[in-house]
Structures are given as C-alpha cells and as structure tokens.
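Have a look at the structure below before the remarks.
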Amino acid sequence: MIKGHGDDAYQYPHIVSDFSSNICAQKSHQALMGYLAAHPEFASHYPEPEAWSLEQMIAEQHDLDPEQVIVTNGATEAIYLIAQAFPLHADIPRPTFSEYEDACQLFPRTDTAHRMLWLCNPNNPTGDVYDQSVIDRMVTKYDLVVVDQSYENYTNHFVMNPRWAARLPNLIQIHSFTKTYGIPGLRLGYITAHASLTAHLRQFLRPWSVSALAVEAGKFLLRNDELRCTPDLDEAQRLRDQLQQIDGILTQETQTNFILCQRENGSAAELKDYLARQHHLLIRDASNFKGLTPRHFRIAAQTPAENDALVAAIQEFVNSNKK
C-alpha cells in the first residue's frame, strides 16, 4: 500500500484549506447528515449482504439491468476485487493512481497469456482525459480493459456512458460516490459492466462489505441529485494561470479541477511542509506517484479566496528561497 495519499491533514495541526484531496470544494453535507441522524435504525441492523437495493437504483439511473451493477466499499474495493477476479498480465500507464499496481501485486498473476489494461479517466494526478477513440482501440487490443471513471463528473470532456460501455464483453467501468457527491468518509463506489463480467466478479465479493449507513446514504443521494459535486473548472484554470506566473513553478494542462505542478528546483516535500506549518494550507506531495519526481506536487482548486491565499503563500516561499 502506498504511503502518502492526499488528505493527510492529521499530520499537521490547524489546516484551514485542503488542496491535497481532489474532492470538489465546499460541498455541504447538511441534508445527508440530517437524514442519517434521523434514522438511527440504519446502524442497529446488519446491512444487506450485498447492496442489492442500491444496485437496483443505480441500474435504473443508467438504464442497466441490476445484475450489471456491483456496489463496493469505495472505488478502491472495486480495484482490488477486479485484480483478484482477473489475474491477468496488467499494463498500467504512468503516472496514475497507485492502487491499480498495488492491487495487481497483491494477487499473483496466474494468467500471463492474456492481457488487461488499467486506465484512469480522467487521470489522477495529471487531469488528462482519454479521447474515446483511444479507448476504442484499447478494447480491440486487450482481453480486458478497466476504466476507472471516479472523476467522470469532474470534467467537461466526454467520458463513456455506462449503458453503452456495459454492452462490451471486455470492458469494466469503476464509478465513485466519493467523488460525485464528496463523501470520502462513507466509502462507496460501484462497478458497471457486461453481465458476464459482473457474474464472475460476484464470486469474489465479501458479505457485508458496504455498511448500512453507506447504502442508505447512496440511496438518499441518488434521490437528491442536486447534491452532486460540481467543480468550478473555470476557477481551476484561473488558479493554474496564477501558479504558472510564479517563477520556478511549472504546471501541466488539466481538464479537471486538479493540477499537477512541479518545482524547477527543490523538493515538493519542502514546499508542502512550509505551506502546512506557516500558512496551514495542505497540498499533495506527488513524488510517490511512479513516473514522477521529488519535485512534483498536486493541487485541487478550492474557493477563489483560498486559491488566492495559496498562490500568495507559494510566491512567499519562492521569494524567501531566493534570499
């Protein structure tokens, strides 16, 4: 397991703005928390062994058969479930989310004659979105293609529709309530795929892996779709433009709300520590993404005022290092 994901505010006291997690900014959970608090019985009984009722609602939303949906304990459980169920030779582009490689290493590859491809779309940490023509080519090239669409609501670019994708017998999609509704603490994700693939995956499911609170939260959120996170992508571009003007800071183009950055000199860890301790602002040291360097860091846009504070703090850090 990788050490050092984002949202590690527990390591620093008094963080006031968290740019380290890609969750979109300032989403209120008051309605959801009020609903769960009004139903303490959700915590008093075992959940469904498999989250059938939530799978039914998701299937209706995507015009799928319920058998084509598997609810998981976050997108991360989906990743490990797929790696266990399909022990194929895996190709994983870099840099990308580390859990694909970790999951494939945990479950030995017993079938090296067949190949699978893992794609994060939009990709974490780069913010790139694969063109559909690329995915179409990969589907013809690989025995199995896994497309993690956790950030599908965090871009204006086209991403595959689950109903269309589920017709393909060798493509699996991963989706994330965590990102769509900004609820990382509840751990809720789901898989959509052709029925032949989900039937095989269900053989590896663990009973009660999704809590009753998470299931009921998922159903509430689907009934109240206005609670979706909607990142301000224009603000993210404004933030990138401001960062790009700082001497010694390089930024990569992005099609999401998060930005991969790089110091020309010096480490991201040094910058992160300075921002956290001097300004109580938290960024993501991205040096532990395979394919990146100790100079890389990632920032997710927050409110305009918070973004301006971050830019000013980074500029202060750069100026202080020139002396």
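Naming works like this for the structure tokens: A, B, ... for the chains as they're shown, residue 1 at the start of each chain, ligands 1 onward in shown order.
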
field: Shell around A:Tyr274 at 12 Å using only C-alpha atoms, local window under 2 positions removed, as an MDAnalysis selection string
entry: chainID A and resid 12 267:272 276:283 310 313:318 320:321

Mind dumping a table of every stretch 93-156 of chain A residue within 12 Å of stretch 235-244 of chain A, with the nearest atom pair and its distance in Å to one decimal, using only C-alpha atoms, sorted by chain and rising number, as a tab-separated table?
residue	atom	partner	partner_atom	distance
A:Gly127	CA	A:Ala236	CA	11.1
A:Tyr154	CA	A:Ala236	CA	11.0
A:Thr155	CA	A:Ala236	CA	11.1

Limited to N, CA and C atoms, could you put the picked residues into a file as a PDB file, in the first residue's frame?
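Output (selection.pdb):
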ATOM      1  N   GLY A 127      -4.841  14.972 -14.645  1.00  0.00           N
ATOM      2  CA  GLY A 127      -6.015  15.707 -15.099  1.00  0.00           C
ATOM      3  C   GLY A 127      -6.320  15.517 -16.572  1.00  0.00           C
ATOM      4  N   TYR A 154     -16.015  15.408 -12.985  1.00  0.00           N
ATOM      5  CA  TYR A 154     -15.081  16.497 -12.722  1.00  0.00           C
ATOM      6  C   TYR A 154     -14.458  17.042 -13.998  1.00  0.00           C
ATOM      7  N   THR A 155     -15.119  16.829 -15.114  1.00  0.00           N
ATOM      8  CA  THR A 155     -14.604  17.322 -16.396  1.00  0.00           C
ATOM      9  C   THR A 155     -15.770  17.647 -17.309  1.00  0.00           C
TER      10      THR A 155
END

Against stretch 192-202 of chain A, which residues of stretch 48-156 of chain A fall within 7 Å? For each one I want the closest pair of atoms and the distance in Å (one decimal), counting only C-alpha atoms, rows by chain and increasing residue number, as a tab-separated table.
residue	atom	partner	partner_atom	distance
A:Glu67	CA	A:Ala195	CA	6.2
A:Gln68	CA	A:Ala195	CA	5.0
A:Val69	CA	A:Thr192	CA	4.8
A:Ile70	CA	A:Thr192	CA	6.7
A:Ile82	CA	A:Leu201	CA	6.8
A:Ala85	CA	A:Leu201	CA	5.9

task: Enumerate, as JSON, numbers by chain, the complete set of residues in stretch 75-218 of chain A that a backbone-based DSSP assignment places in helix (DSSP H, G or I).
output: {"A": [75, 76, 77, 78, 79, 80, 81, 82, 83, 84, 85, 99, 100, 101, 102, 103, 104, 105, 106, 132, 133, 134, 135, 136, 137, 138, 139, 140, 141, 162, 163, 164, 165, 177, 178, 179, 180, 181, 184, 185, 186, 195, 196, 197, 198, 199, 200, 201, 202, 212, 213, 214, 215, 216, 217, 218]}

query: Can you list, as a list of chain:residue names, every protein, DNA or RNA residue that comes within 10 Å of A:Ala165 when you count only C-alpha atoms, leaving out same-chain residues fewer than 4 positions away?
result: A:Val147, A:Met160, A:Asn161, A:Pro169, A:Asn170, A:Leu171, A:Ile172, A:Gln173, A:Thr192, A:Ala193, A:His194

field: Proximity to A:Asn22 - best of A:Lys141, A:Ala212, A:Thr126, A:Glu264, only C-alpha atoms
entry: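 Of all the options, A:Thr126 lies closest to A:Asn22.
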
field: strand (DSSP E) call set, DSSP backbone run, stretch 78-153 of chain A, as a PyMOL selection string
entry: chain A and resi 88-91+111-120+144-148

field: Distance query A:Arg187 at most 8 Å, only C-alpha atoms, self and fewer than 6 positions along chain excluded, as a PyMOL selection string
entry: chain A and resi 73-75+177-178+210+214

- request: Tell me, as a ChimeraX atom specification, which residues lie within 9 Å of A:Val159, counting only C-alpha atoms; anything in the same chain fewer than 4 positions away does not count.
  value: /A:121-122,129-132,149,152,155

Include N, CA and C atoms and write out the residues we just selected as a JSON list (two decimals), in the first residue's frame.
[["chain", "number", "residue", "atom", "x", "y", "z"],
["A", 121, "ASN", "N", -9.69, 7.64, -15.97],
["A", 121, "ASN", "CA", -10.20, 8.60, -16.94],
["A", 121, "ASN", "C", -11.38, 9.40, -16.37],
["A", 122, "PRO", "N", -11.16, 10.69, -16.04],
["A", 122, "PRO", "CA", -9.93, 11.48, -16.10],
["A", 122, "PRO", "C", -8.83, 10.89, -15.21],
["A", 129, "VAL", "N", -7.80, 13.62, -19.95],
["A", 129, "VAL", "CA", -8.95, 12.80, -20.30],
["A", 129, "VAL", "C", -8.63, 12.08, -21.61],
["A", 130, "TYR", "N", -8.76, 10.75, -21.59],
["A", 130, "TYR", "CA", -8.51, 9.98, -22.80],
["A", 130, "TYR", "C", -9.60, 10.23, -23.83],
["A", 131, "ASP", "N", -9.20, 10.43, -25.07],
["A", 131, "ASP", "CA", -10.17, 10.52, -26.15],
["A", 131, "ASP", "C", -10.83, 9.15, -26.33],
["A", 132, "GLN", "N", -12.11, 9.14, -26.67],
["A", 132, "GLN", "CA", -12.83, 7.88, -26.80],
["A", 132, "GLN", "C", -12.22, 6.97, -27.86],
["A", 149, "GLN", "N", -13.56, 5.59, -13.79],
["A", 149, "GLN", "CA", -14.16, 6.89, -14.08],
["A", 149, "GLN", "C", -14.57, 7.62, -12.80],
["A", 152, "GLU", "N", -15.41, 11.20, -13.33],
["A", 152, "GLU", "CA", -16.20, 11.45, -14.54],
["A", 152, "GLU", "C", -17.05, 12.71, -14.46],
["A", 155, "THR", "N", -15.12, 16.83, -15.11],
["A", 155, "THR", "CA", -14.60, 17.32, -16.40],
["A", 155, "THR", "C", -15.77, 17.65, -17.31]]

message: Using only C-alpha atoms, can you tell me which of A:Glu306, A:Asp148, A:Asp63, A:Asp232 comes closest to A:Ala166?
response: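 Closest residue, counting only C-alpha atoms: A:Asp63.
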
- request: Would you please work out which residue, of A:Ser44, A:Gln255, A:Gln203, A:Ser209, is nearest to A:Phe158 when using only C-alpha atoms?
  value: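 Under the stated criterion, the closest residue is A:Gln255.
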